[in-house]
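Working notes, beginning with the structure itself.
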Amino acid sequence: MKPADKKRVLKEMLFARRFEERCYEAYVERKIGGFLHLYPGEEACAYGVLEAAKPGHDYVMTSYRDHIHAIKSGVPPKEVMAELFAKETGCCKGLGGSMHIFGAEHRFMGGYALVGGPFPLAAGIAKGIKLKGGDEICICFLGDAANNQGVFHESLNMAKVWDLPVLYVCENNLYGIGTRIDRSTAVVDQYKRVSGYDIPSAQTDGQDFDKVYDAAQIAVEHVRSGKGPYFLELMTYRYRGHSMSDSNAYRAKEEERMWGKRDPIIIMRDRLIEAGEMNLDDYKKMDSDILAEIEDDIIKFAEDSPEPSAELLDKYVLAENDPWVNGGAK
Amino acid sequence: MSEIMYWEALRRAHDEEMTHDPLVICMGEDIGVAGGTYKATNGLYDKFGEERVIDTPISEGGYTGLGIGASFVGVRPIIEIMSVNFAWLAMDQIFNTAAKVRYMSGGQLTAPVVIRSPGGTAHQLGAQHSARMEKVFMGIAGLRVVTPSNPRQAYGLLKSAVRCNDPVFINEHELMYNMKGDVPDEEYFMPLEGSEVAREGSDVTLFGYNISVHWCLAAAEILASKHGINAEVIDLFSLSPLDREGIKASVSKTHRAVIVEEAEPAVGVGSEVMAIINEECFFELDAPPVRVSAENVPIPYNHKLEKMAIPTAQHVVDAVLKQLGLS
């Protein structure tokens, strides 16, 4: 990847960090309701994988920790923020919320709130790709704890039996809500678990964009070339609790400090500075530009947007005026 | 018109819709090479191939979710779940995804899947293979539920369900696949909403759906021949939404209602139809409506006890006579 591209990615990852931190503030201000699951600490996972893929062409889906995957897939950030603010200008018109960000035109196929729920859905999208003969792949990002659901195994099995073009990315942040992985999961290395399905897999450092990007290129190439599914495990850490209602009391401060020293944005920044591609002032300017954009453009848009009109309450329960409900057009 | 069996009607609908649209696929346990437990997909594997007629592993949650995901990108899967008892394993995907994705995406995605599954009590299949789950599905916003009572409906409802942009659950019955009936020779699409008058009458309305329509029709014959009572039978082929207007029209004509269901009484078709009658035409009633339901028990294995758990035409006759003060 060229230095200019790396600088672009650094800016995108820093944007993701600031976007999520601003969501935290808006939640405290009660501008955002419901549940809110934030991504700081894990940015290199989404950006590393999706830089190696073709967002907007490839299909992407994930769990309820979904804002950043949506944005990287092409959903405009202000539409994501407006959705969080429950406004009609939100990407789902204020009907979805933080856990259900969708951007169908960008092939971001949604955030889902049942842990593990997207496993078979992603395999199904991959089945659709295969039937239609396209070169797209489906990329499904889920956390480590989702792998303890039954559909994890069912979906891996089907994906392999039918050689479906699906890439499962496991963002292993070591905790399933508040339970540490070794206390809930017999095999801690998640990439080992898929060997039972004869699916190729790899594990890499999810805090280092370059390593994620390199591993993802291999994974994406494997899937796109028609060789079937692939499983990529990224070792990462979320800086905040599972959700805003999580006190985060279950993690040792020493552990948090250790992971804080391996910040994906700082790692990438320092590497670019060391290579002479930018200096600290450039970075600070980048940061202040992002903060201004978020405040002046994104937050303002969300604040100023109207609430959904009352007729949206039942508009999307079923298809409108579907002729087949009446037995067809004839 | 041709007289064909219920399974043949389903098979014909599959065949025609798969011929019409290359993105219509069918999937389920043993539906391909083996031809399907109920033969609803018999011969389609040879005709359309393994990419479109998919023998799935025994993973109801997995393959139902896979079908739903495929439907997001234009595929129209017809998913057969071998028994509604197994549909519980797929309920997360049906309830949390198929029924809700249109809504929570603000209309961006839709899940046009058809899920077919037989419920009902057959012959000594025991508690875990005799469930009647229609009451569960009809309570889910965002999901259509239809339940064909004869081969014509089985054919016409499946045809429309495949083309409809909503997820549709088709509640079939273990005992009805070999039932014969007339089906139009020309292509026929049945409405997914409404009800049908299965027998016109004037003295009392018997509401049935799926197999209980046949108990109602048998009861109506007994009532006519032995008691001089002219019963109307309404076939509620759509359980979600229920046909409020059709229910109101018939009760406004006969002024009496007996609702016949194969399921346990609580939170079911009977209680729902009764609520609609209360809301729509309470003052048309000459007597309180009555439910004829299954006993509130898991279905026993013993054949004598099994029969005691499920209503019969005679139960319907008795309920009508009692409602009329004749017993």
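To be explicit about the labels: the chains of the structure tokens are called A, B, and onward in the order shown, and within each one the residues are counted from 1, while ligands get numbers from 1 in the order they are shown.
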Once you count only C-alpha atoms, what closest atom pair and distance in Å to one decimal does each residue of chain B within 7 Å of chain A have, with rows by chain and rising residue number, as JSON lines?
{"residue": "B:Ser59", "atom": "CA", "partner": "A:Glu154", "partner_atom": "CA", "distance": 6.1}
{"residue": "B:Gly61", "atom": "CA", "partner": "A:Val151", "partner_atom": "CA", "distance": 6.6}
{"residue": "B:Gly62", "atom": "CA", "partner": "A:Glu154", "partner_atom": "CA", "distance": 5.3}
{"residue": "B:Tyr63", "atom": "CA", "partner": "A:Pro120", "partner_atom": "CA", "distance": 7.0}
{"residue": "B:Gly65", "atom": "CA", "partner": "A:Pro120", "partner_atom": "CA", "distance": 4.9}
{"residue": "B:Leu66", "atom": "CA", "partner": "A:Gly124", "partner_atom": "CA", "distance": 3.9}
{"residue": "B:Gly67", "atom": "CA", "partner": "A:Gly124", "partner_atom": "CA", "distance": 5.6}
{"residue": "B:Ile68", "atom": "CA", "partner": "A:Leu121", "partner_atom": "CA", "distance": 6.3}
{"residue": "B:Gly69", "atom": "CA", "partner": "A:Leu121", "partner_atom": "CA", "distance": 3.9}
{"residue": "B:Ala70", "atom": "CA", "partner": "A:Gly124", "partner_atom": "CA", "distance": 4.1}
{"residue": "B:Phe72", "atom": "CA", "partner": "A:Ile125", "partner_atom": "CA", "distance": 6.9}
{"residue": "B:Val73", "atom": "CA", "partner": "A:Gly128", "partner_atom": "CA", "distance": 6.2}
{"residue": "B:Val75", "atom": "CA", "partner": "A:Gly128", "partner_atom": "CA", "distance": 6.1}
{"residue": "B:Arg102", "atom": "CA", "partner": "A:Tyr316", "partner_atom": "CA", "distance": 6.0}
{"residue": "B:Tyr103", "atom": "CA", "partner": "A:Tyr316", "partner_atom": "CA", "distance": 4.8}
{"residue": "B:Met104", "atom": "CA", "partner": "A:Gly96", "partner_atom": "CA", "distance": 4.3}
{"residue": "B:Ser105", "atom": "CA", "partner": "A:Cys92", "partner_atom": "CA", "distance": 4.9}
{"residue": "B:Gly106", "atom": "CA", "partner": "A:Cys92", "partner_atom": "CA", "distance": 4.2}
{"residue": "B:Gly107", "atom": "CA", "partner": "A:Tyr316", "partner_atom": "CA", "distance": 5.5}
{"residue": "B:Gln108", "atom": "CA", "partner": "A:Ala104", "partner_atom": "CA", "distance": 5.9}
{"residue": "B:Leu109", "atom": "CA", "partner": "A:Ala104", "partner_atom": "CA", "distance": 6.7}
{"residue": "B:Ala141", "atom": "CA", "partner": "A:Val317", "partner_atom": "CA", "distance": 6.9}
{"residue": "B:Gly142", "atom": "CA", "partner": "A:Val317", "partner_atom": "CA", "distance": 5.0}
{"residue": "B:Ser160", "atom": "CA", "partner": "A:Trp324", "partner_atom": "CA", "distance": 5.4}
{"residue": "B:Arg163", "atom": "CA", "partner": "A:Trp324", "partner_atom": "CA", "distance": 6.4}
{"residue": "B:Cys164", "atom": "CA", "partner": "A:Trp324", "partner_atom": "CA", "distance": 5.3}
{"residue": "B:Asn165", "atom": "CA", "partner": "A:Ala319", "partner_atom": "CA", "distance": 6.1}
{"residue": "B:Asp166", "atom": "CA", "partner": "A:Ala319", "partner_atom": "CA", "distance": 6.1}
{"residue": "B:Phe189", "atom": "CA", "partner": "A:Gly327", "partner_atom": "CA", "distance": 4.7}
{"residue": "B:Met190", "atom": "CA", "partner": "A:Gly327", "partner_atom": "CA", "distance": 4.6}
{"residue": "B:Pro191", "atom": "CA", "partner": "A:Gly327", "partner_atom": "CA", "distance": 4.0}
{"residue": "B:Leu192", "atom": "CA", "partner": "A:Val325", "partner_atom": "CA", "distance": 4.8}
{"residue": "B:Glu193", "atom": "CA", "partner": "A:Val325", "partner_atom": "CA", "distance": 6.3}
Residue subset to file, keeping C-alpha atoms, as a short mmCIF file (atom, residue, chain, number, x, y, z; two decimals), in the first residue's frame:
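The resulting selection38.cif:
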data_model
loop_
_atom_site.label_atom_id
_atom_site.label_comp_id
_atom_site.auth_asym_id
_atom_site.auth_seq_id
_atom_site.Cartn_x
_atom_site.Cartn_y
_atom_site.Cartn_z
CA SER B 59 -29.49 -27.58 10.84
CA GLY B 61 -31.56 -22.56 12.29
CA GLY B 62 -28.62 -22.55 9.91
CA TYR B 63 -30.33 -23.32 6.64
CA GLY B 65 -30.99 -18.26 8.11
CA LEU B 66 -29.06 -19.06 4.95
CA GLY B 67 -32.26 -18.90 2.90
CA ILE B 68 -33.19 -15.59 4.51
CA GLY B 69 -29.74 -14.16 3.74
CA ALA B 70 -29.99 -15.31 0.12
CA PHE B 72 -31.63 -10.23 0.65
CA VAL B 73 -29.87 -10.36 -2.71
CA VAL B 75 -32.96 -15.10 -4.43
CA ARG B 102 -37.70 -4.62 6.29
CA TYR B 103 -38.79 -2.59 9.28
CA MET B 104 -35.50 -2.09 11.05
CA SER B 105 -33.70 -1.22 7.82
CA GLY B 106 -36.28 1.46 7.06
CA GLY B 107 -37.50 -0.44 4.01
CA GLN B 108 -34.03 -1.04 2.49
CA LEU B 109 -33.97 -4.82 2.74
CA ALA B 141 -45.60 -8.72 12.97
CA GLY B 142 -43.91 -8.67 9.59
CA SER B 160 -48.34 -16.19 -4.76
CA ARG B 163 -43.68 -13.91 -5.79
CA CYS B 164 -44.72 -11.80 -2.80
CA ASN B 165 -42.03 -9.55 -1.34
CA ASP B 166 -42.88 -10.47 2.25
CA PHE B 189 -52.42 -17.38 -8.08
CA MET B 190 -54.44 -17.23 -4.91
CA PRO B 191 -54.70 -14.10 -2.75
CA LEU B 192 -52.57 -14.30 0.40
CA GLU B 193 -55.19 -12.41 2.40
#
What lies within 9 Å of segment 38-43 of chain A using only C-alpha atoms, ignoring chain neighbours under 2 positions off, as a PyMOL selection string? chain A and resi 13-14+16-18+20-21+23-24+36+45-48+65-68+171+173+206-207+209+236-244+259-260+262-265
Please list as an MDAnalysis selection string every residue within 9 Å of Arg256 of chain B, counting only C-alpha atoms and excluding residues in the same chain fewer than 5 positions away. chainID B and resid 203:206 250:251 284:290 320 323:324
Just how far from atom CA of Phe85 of chain A is atom CA of Ser309 of chain A, in Å to one decimal?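 Here the two named atoms are 14.4 Å from each other.
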Test item: residues at most 9 Å from Lys39 of chain B, only C-alpha atoms, excluding those fewer than 3 positions along its chain, as a PyMOL selection string: chain B and resi 7-8+10-11+31+34-36+42-43+177
Mind checking which residues fall within 10 Å of Ile222 of chain B, counting only C-alpha atoms, ignoring those fewer than 5 positions away in the same chain, and posting them as a list in words?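 Result of the neighbour search: Cys216, Leu217, His227, Gly228, Ile229, Asn230, Ala231, Ala313, Gln314, Val316 and Val317 of chain B.
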Restricting the output to N, CA and C atoms, write the selected residues as a JSON list (two decimals), in the first residue's frame.
[["chain", "number", "residue", "atom", "x", "y", "z"],
["B", 216, "CYS", "N", -65.25, -29.13, 10.05],
["B", 216, "CYS", "CA", -66.41, -28.22, 9.99],
["B", 216, "CYS", "C", -67.37, -28.66, 8.89],
["B", 217, "LEU", "N", -66.82, -29.03, 7.73],
["B", 217, "LEU", "CA", -67.69, -29.45, 6.61],
["B", 217, "LEU", "C", -68.43, -30.74, 6.97],
["B", 227, "HIS", "N", -80.23, -32.62, 12.02],
["B", 227, "HIS", "CA", -80.81, -31.62, 12.92],
["B", 227, "HIS", "C", -81.46, -30.45, 12.20],
["B", 228, "GLY", "N", -81.42, -30.46, 10.89],
["B", 228, "GLY", "CA", -82.06, -29.38, 10.13],
["B", 228, "GLY", "C", -81.41, -28.03, 10.33],
["B", 229, "ILE", "N", -80.14, -28.04, 10.66],
["B", 229, "ILE", "CA", -79.42, -26.78, 10.89],
["B", 229, "ILE", "C", -78.51, -26.51, 9.70],
["B", 230, "ASN", "N", -78.59, -25.28, 9.17],
["B", 230, "ASN", "CA", -77.84, -24.92, 7.97],
["B", 230, "ASN", "C", -76.61, -24.11, 8.37],
["B", 231, "ALA", "N", -75.48, -24.79, 8.47],
["B", 231, "ALA", "CA", -74.25, -24.12, 8.93],
["B", 231, "ALA", "C", -73.44, -23.57, 7.76],
["B", 313, "ALA", "N", -65.39, -33.89, 14.15],
["B", 313, "ALA", "CA", -66.62, -33.28, 13.64],
["B", 313, "ALA", "C", -67.73, -33.37, 14.69],
["B", 314, "GLN", "N", -67.75, -34.48, 15.43],
["B", 314, "GLN", "CA", -68.82, -34.64, 16.43],
["B", 314, "GLN", "C", -68.71, -33.59, 17.53],
["B", 316, "VAL", "N", -67.73, -30.62, 17.06],
["B", 316, "VAL", "CA", -68.25, -29.39, 16.46],
["B", 316, "VAL", "C", -69.78, -29.43, 16.49],
["B", 317, "VAL", "N", -70.35, -30.59, 16.12],
["B", 317, "VAL", "CA", -71.81, -30.74, 16.16],
["B", 317, "VAL", "C", -72.32, -30.49, 17.58]]
Residues within 12 Å of Leu10 of chain A, only C-alpha atoms, excluding chain neighbours under 4 positions, as an mmCIF file with N, CA and C atoms, in the first residue's frame:
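Below is the file part23.cif, written as the result:
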data_model
loop_
_atom_site.group_PDB
_atom_site.id
_atom_site.type_symbol
_atom_site.label_atom_id
_atom_site.label_comp_id
_atom_site.auth_asym_id
_atom_site.auth_seq_id
_atom_site.Cartn_x
_atom_site.Cartn_y
_atom_site.Cartn_z
ATOM 1 N N PRO A 3 2.204 5.110 0.616
ATOM 2 C CA PRO A 3 2.130 5.981 1.805
ATOM 3 C C PRO A 3 0.903 6.893 1.793
ATOM 4 N N ALA A 4 0.550 7.415 0.622
ATOM 5 C CA ALA A 4 -0.623 8.306 0.566
ATOM 6 C C ALA A 4 -1.883 7.564 0.996
ATOM 7 N N ASP A 5 -1.974 6.306 0.583
ATOM 8 C CA ASP A 5 -3.137 5.505 0.982
ATOM 9 C C ASP A 5 -3.121 5.228 2.482
ATOM 10 N N LYS A 6 -1.930 4.984 3.000
ATOM 11 C CA LYS A 6 -1.839 4.732 4.443
ATOM 12 C C LYS A 6 -2.251 5.972 5.234
ATOM 13 N N LEU A 14 -8.815 7.458 12.446
ATOM 14 C CA LEU A 14 -8.928 8.500 13.462
ATOM 15 C C LEU A 14 -10.345 9.081 13.459
ATOM 16 N N PHE A 15 -10.891 9.217 12.256
ATOM 17 C CA PHE A 15 -12.283 9.667 12.154
ATOM 18 C C PHE A 15 -13.207 8.692 12.896
ATOM 19 N N ALA A 16 -12.979 7.399 12.675
ATOM 20 C CA ALA A 16 -13.807 6.377 13.334
ATOM 21 C C ALA A 16 -13.712 6.511 14.853
ATOM 22 N N ARG A 17 -12.505 6.730 15.338
ATOM 23 C CA ARG A 17 -12.297 6.882 16.785
ATOM 24 C C ARG A 17 -13.075 8.091 17.318
ATOM 25 N N GLU A 43 -10.304 -0.476 15.593
ATOM 26 C CA GLU A 43 -10.431 0.125 14.251
ATOM 27 C C GLU A 43 -9.654 -0.603 13.162
ATOM 28 N N ALA A 44 -8.466 -1.097 13.508
ATOM 29 C CA ALA A 44 -7.635 -1.718 12.459
ATOM 30 C C ALA A 44 -8.294 -2.969 11.883
ATOM 31 N N TYR A 47 -10.895 -1.599 9.162
ATOM 32 C CA TYR A 47 -10.194 -0.895 8.073
ATOM 33 C C TYR A 47 -9.188 -1.798 7.372
ATOM 34 N N GLY A 48 -8.511 -2.647 8.114
ATOM 35 C CA GLY A 48 -7.546 -3.552 7.494
ATOM 36 C C GLY A 48 -8.214 -4.525 6.540
ATOM 37 N N GLU A 51 -10.050 -2.519 3.522
ATOM 38 C CA GLU A 51 -9.101 -1.972 2.543
ATOM 39 C C GLU A 51 -8.645 -3.063 1.578
ATOM 40 N N ASP A 208 -2.624 -3.946 14.539
ATOM 41 C CA ASP A 208 -1.647 -3.476 13.557
ATOM 42 C C ASP A 208 -2.281 -3.521 12.172
ATOM 43 N N PHE A 209 -2.598 -2.358 11.655
ATOM 44 C CA PHE A 209 -3.282 -2.291 10.357
ATOM 45 C C PHE A 209 -2.536 -3.072 9.283
ATOM 46 N N ASP A 210 -1.231 -2.920 9.244
ATOM 47 C CA ASP A 210 -0.465 -3.576 8.169
ATOM 48 C C ASP A 210 -0.619 -5.094 8.217
ATOM 49 N N PRO A 264 -4.155 0.980 17.755
ATOM 50 C CA PRO A 264 -3.970 0.823 16.299
ATOM 51 C C PRO A 264 -3.687 2.137 15.578
ATOM 52 N N ILE A 265 -4.277 3.205 16.065
ATOM 53 C CA ILE A 265 -4.074 4.497 15.399
ATOM 54 C C ILE A 265 -2.663 5.026 15.692
ATOM 55 N N ILE A 266 -2.238 4.890 16.943
ATOM 56 C CA ILE A 266 -0.901 5.374 17.320
ATOM 57 C C ILE A 266 0.188 4.546 16.627
ATOM 58 N N ILE A 267 -0.041 3.238 16.564
ATOM 59 C CA ILE A 267 0.938 2.381 15.868
ATOM 60 C C ILE A 267 1.116 2.858 14.424
ATOM 61 N N MET A 268 0.006 3.094 13.761
ATOM 62 C CA MET A 268 0.065 3.502 12.359
ATOM 63 C C MET A 268 0.661 4.909 12.218
ATOM 64 N N ARG A 269 0.240 5.805 13.098
ATOM 65 C CA ARG A 269 0.768 7.178 13.062
ATOM 66 C C ARG A 269 2.293 7.179 13.230
ATOM 67 N N ASP A 270 2.751 6.484 14.262
ATOM 68 C CA ASP A 270 4.185 6.509 14.551
ATOM 69 C C ASP A 270 4.993 5.897 13.416
ATOM 70 N N ARG A 271 4.411 4.893 12.787
ATOM 71 C CA ARG A 271 5.108 4.257 11.672
ATOM 72 C C ARG A 271 5.240 5.236 10.496
ATOM 73 N N LEU A 272 4.199 6.006 10.266
ATOM 74 C CA LEU A 272 4.244 6.988 9.176
ATOM 75 C C LEU A 272 5.203 8.136 9.500
ATOM 76 N N ILE A 273 5.232 8.526 10.779
ATOM 77 C CA ILE A 273 6.158 9.598 11.177
ATOM 78 C C ILE A 273 7.601 9.111 11.038
ATOM 79 N N GLU A 277 6.770 10.269 6.416
ATOM 80 C CA GLU A 277 5.604 10.591 5.590
ATOM 81 C C GLU A 277 4.752 11.699 6.192
ATOM 82 N N MET A 278 4.889 11.904 7.485
ATOM 83 C CA MET A 278 4.136 12.977 8.145
ATOM 84 C C MET A 278 4.827 13.305 9.461
ATOM 85 N N ASP A 282 1.169 17.444 11.505
ATOM 86 C CA ASP A 282 0.229 16.982 10.469
ATOM 87 C C ASP A 282 -0.900 16.175 11.115
ATOM 88 N N TYR A 283 -0.490 15.330 12.038
ATOM 89 C CA TYR A 283 -1.471 14.465 12.710
ATOM 90 C C TYR A 283 -2.463 15.307 13.523
ATOM 91 N N MET A 286 -4.828 16.923 11.265
ATOM 92 C CA MET A 286 -5.781 15.904 10.822
ATOM 93 C C MET A 286 -6.874 15.730 11.872
ATOM 94 N N ASP A 287 -6.437 15.652 13.115
ATOM 95 C CA ASP A 287 -7.366 15.421 14.218
ATOM 96 C C ASP A 287 -8.327 16.600 14.383
ATOM 97 N N ILE A 290 -10.913 16.666 11.706
ATOM 98 C CA ILE A 290 -11.933 15.632 11.925
ATOM 99 C C ILE A 290 -12.930 16.083 12.989
#
Which value, in Å to one decimal, gives the distance between atom CA of Val49 of chain A and atom CA of Cys170 of chain A?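 So the answer is 11.0 Å.
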Using the chain letters and numbers from this document, which residues of segment 137-318 of chain A does DSSP assign to strand (DSSP E), as a PDB file with N, CA and C atoms, in the first residue's frame?
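Written output follows (out_10.pdb):
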ATOM      1  N   CYS A 138     -18.920 -12.120   0.382  1.00  0.00           N
ATOM      2  CA  CYS A 138     -19.620 -11.599   1.547  1.00  0.00           C
ATOM      3  C   CYS A 138     -18.668 -11.668   2.747  1.00  0.00           C
ATOM      4  N   ILE A 139     -18.532 -10.547   3.428  1.00  0.00           N
ATOM      5  CA  ILE A 139     -17.639 -10.479   4.590  1.00  0.00           C
ATOM      6  C   ILE A 139     -18.489 -10.273   5.836  1.00  0.00           C
ATOM      7  N   CYS A 140     -18.328 -11.174   6.771  1.00  0.00           N
ATOM      8  CA  CYS A 140     -19.140 -11.149   7.992  1.00  0.00           C
ATOM      9  C   CYS A 140     -18.221 -10.941   9.195  1.00  0.00           C
ATOM     10  N   PHE A 141     -18.342  -9.789   9.836  1.00  0.00           N
ATOM     11  CA  PHE A 141     -17.544  -9.476  11.027  1.00  0.00           C
ATOM     12  C   PHE A 141     -18.347  -9.828  12.275  1.00  0.00           C
ATOM     13  N   LEU A 142     -17.806 -10.662  13.145  1.00  0.00           N
ATOM     14  CA  LEU A 142     -18.475 -10.935  14.414  1.00  0.00           C
ATOM     15  C   LEU A 142     -17.426 -11.088  15.514  1.00  0.00           C
ATOM     16  N   GLY A 143     -17.881 -10.970  16.744  1.00  0.00           N
ATOM     17  CA  GLY A 143     -16.961 -11.106  17.867  1.00  0.00           C
ATOM     18  C   GLY A 143     -16.691 -12.556  18.224  1.00  0.00           C
ATOM     19  N   VAL A 166     -17.700 -16.723   1.262  1.00  0.00           N
ATOM     20  CA  VAL A 166     -17.926 -15.938   2.477  1.00  0.00           C
ATOM     21  C   VAL A 166     -16.640 -15.902   3.305  1.00  0.00           C
ATOM     22  N   LEU A 167     -16.312 -14.708   3.775  1.00  0.00           N
ATOM     23  CA  LEU A 167     -15.156 -14.517   4.659  1.00  0.00           C
ATOM     24  C   LEU A 167     -15.678 -14.158   6.045  1.00  0.00           C
ATOM     25  N   TYR A 168     -15.423 -15.029   6.995  1.00  0.00           N
ATOM     26  CA  TYR A 168     -15.798 -14.736   8.375  1.00  0.00           C
ATOM     27  C   TYR A 168     -14.599 -14.101   9.074  1.00  0.00           C
ATOM     28  N   VAL A 169     -14.827 -12.903   9.601  1.00  0.00           N
ATOM     29  CA  VAL A 169     -13.777 -12.199  10.332  1.00  0.00           C
ATOM     30  C   VAL A 169     -14.159 -12.184  11.802  1.00  0.00           C
ATOM     31  N   CYS A 170     -13.317 -12.803  12.603  1.00  0.00           N
ATOM     32  CA  CYS A 170     -13.571 -12.856  14.044  1.00  0.00           C
ATOM     33  C   CYS A 170     -12.778 -11.751  14.728  1.00  0.00           C
ATOM     34  N   GLU A 171     -13.470 -10.768  15.238  1.00  0.00           N
ATOM     35  CA  GLU A 171     -12.817  -9.709  16.014  1.00  0.00           C
ATOM     36  C   GLU A 171     -12.753 -10.199  17.459  1.00  0.00           C
ATOM     37  N   ASN A 172     -11.626 -10.789  17.802  1.00  0.00           N
ATOM     38  CA  ASN A 172     -11.512 -11.404  19.123  1.00  0.00           C
ATOM     39  C   ASN A 172     -11.038 -10.361  20.137  1.00  0.00           C
ATOM     40  N   TYR A 175     -13.535 -10.768  25.309  1.00  0.00           N
ATOM     41  CA  TYR A 175     -14.641 -10.783  26.272  1.00  0.00           C
ATOM     42  C   TYR A 175     -15.968 -10.970  25.552  1.00  0.00           C
ATOM     43  N   GLY A 176     -16.809 -11.850  26.089  1.00  0.00           N
ATOM     44  CA  GLY A 176     -18.188 -11.986  25.642  1.00  0.00           C
ATOM     45  C   GLY A 176     -19.049 -11.237  26.639  1.00  0.00           C
ATOM     46  N   THR A 179     -17.652 -11.595  30.247  1.00  0.00           N
ATOM     47  CA  THR A 179     -16.988 -12.842  30.627  1.00  0.00           C
ATOM     48  C   THR A 179     -15.760 -13.083  29.755  1.00  0.00           C
ATOM     49  N   ARG A 180     -14.608 -13.244  30.399  1.00  0.00           N
ATOM     50  CA  ARG A 180     -13.348 -13.430  29.681  1.00  0.00           C
ATOM     51  C   ARG A 180     -13.376 -14.736  28.906  1.00  0.00           C
ATOM     52  N   SER A 201      -7.808 -20.976   7.776  1.00  0.00           N
ATOM     53  CA  SER A 201      -7.967 -19.889   8.730  1.00  0.00           C
ATOM     54  C   SER A 201      -6.615 -19.317   9.093  1.00  0.00           C
ATOM     55  N   ALA A 202      -6.629 -18.134   9.688  1.00  0.00           N
ATOM     56  CA  ALA A 202      -5.401 -17.494  10.155  1.00  0.00           C
ATOM     57  C   ALA A 202      -5.728 -16.619  11.341  1.00  0.00           C
ATOM     58  N   GLN A 203      -4.697 -16.352  12.146  1.00  0.00           N
ATOM     59  CA  GLN A 203      -4.848 -15.462  13.291  1.00  0.00           C
ATOM     60  C   GLN A 203      -3.771 -14.387  13.177  1.00  0.00           C
ATOM     61  N   THR A 204      -4.156 -13.148  13.405  1.00  0.00           N
ATOM     62  CA  THR A 204      -3.133 -12.102  13.359  1.00  0.00           C
ATOM     63  C   THR A 204      -3.452 -10.990  14.352  1.00  0.00           C
ATOM     64  N   ASP A 205      -2.488 -10.081  14.473  1.00  0.00           N
ATOM     65  CA  ASP A 205      -2.585  -8.963  15.403  1.00  0.00           C
ATOM     66  C   ASP A 205      -3.594  -7.945  14.880  1.00  0.00           C
ATOM     67  N   TYR A 230     -13.388 -18.736   4.235  1.00  0.00           N
ATOM     68  CA  TYR A 230     -12.127 -18.503   4.947  1.00  0.00           C
ATOM     69  C   TYR A 230     -12.485 -17.868   6.280  1.00  0.00           C
ATOM     70  N   PHE A 231     -11.654 -18.122   7.283  1.00  0.00           N
ATOM     71  CA  PHE A 231     -11.906 -17.587   8.628  1.00  0.00           C
ATOM     72  C   PHE A 231     -10.661 -16.849   9.095  1.00  0.00           C
ATOM     73  N   LEU A 232     -10.814 -15.575   9.395  1.00  0.00           N
ATOM     74  CA  LEU A 232      -9.682 -14.744   9.822  1.00  0.00           C
ATOM     75  C   LEU A 232      -9.935 -14.226  11.236  1.00  0.00           C
ATOM     76  N   GLU A 233      -9.028 -14.576  12.137  1.00  0.00           N
ATOM     77  CA  GLU A 233      -9.164 -14.136  13.529  1.00  0.00           C
ATOM     78  C   GLU A 233      -8.223 -12.964  13.800  1.00  0.00           C
ATOM     79  N   LEU A 234      -8.762 -11.892  14.339  1.00  0.00           N
ATOM     80  CA  LEU A 234      -7.977 -10.690  14.631  1.00  0.00           C
ATOM     81  C   LEU A 234      -7.997 -10.443  16.131  1.00  0.00           C
ATOM     82  N   MET A 235      -6.799 -10.443  16.736  1.00  0.00           N
ATOM     83  CA  MET A 235      -6.707 -10.258  18.187  1.00  0.00           C
ATOM     84  C   MET A 235      -6.760  -8.765  18.511  1.00  0.00           C
TER      85      MET A 235
END
Can you tell me how far atom CA of Val183 of chain B sits from atom CA of Tyr155 of chain B, in Å to one decimal?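 So the answer is 7.7 Å.
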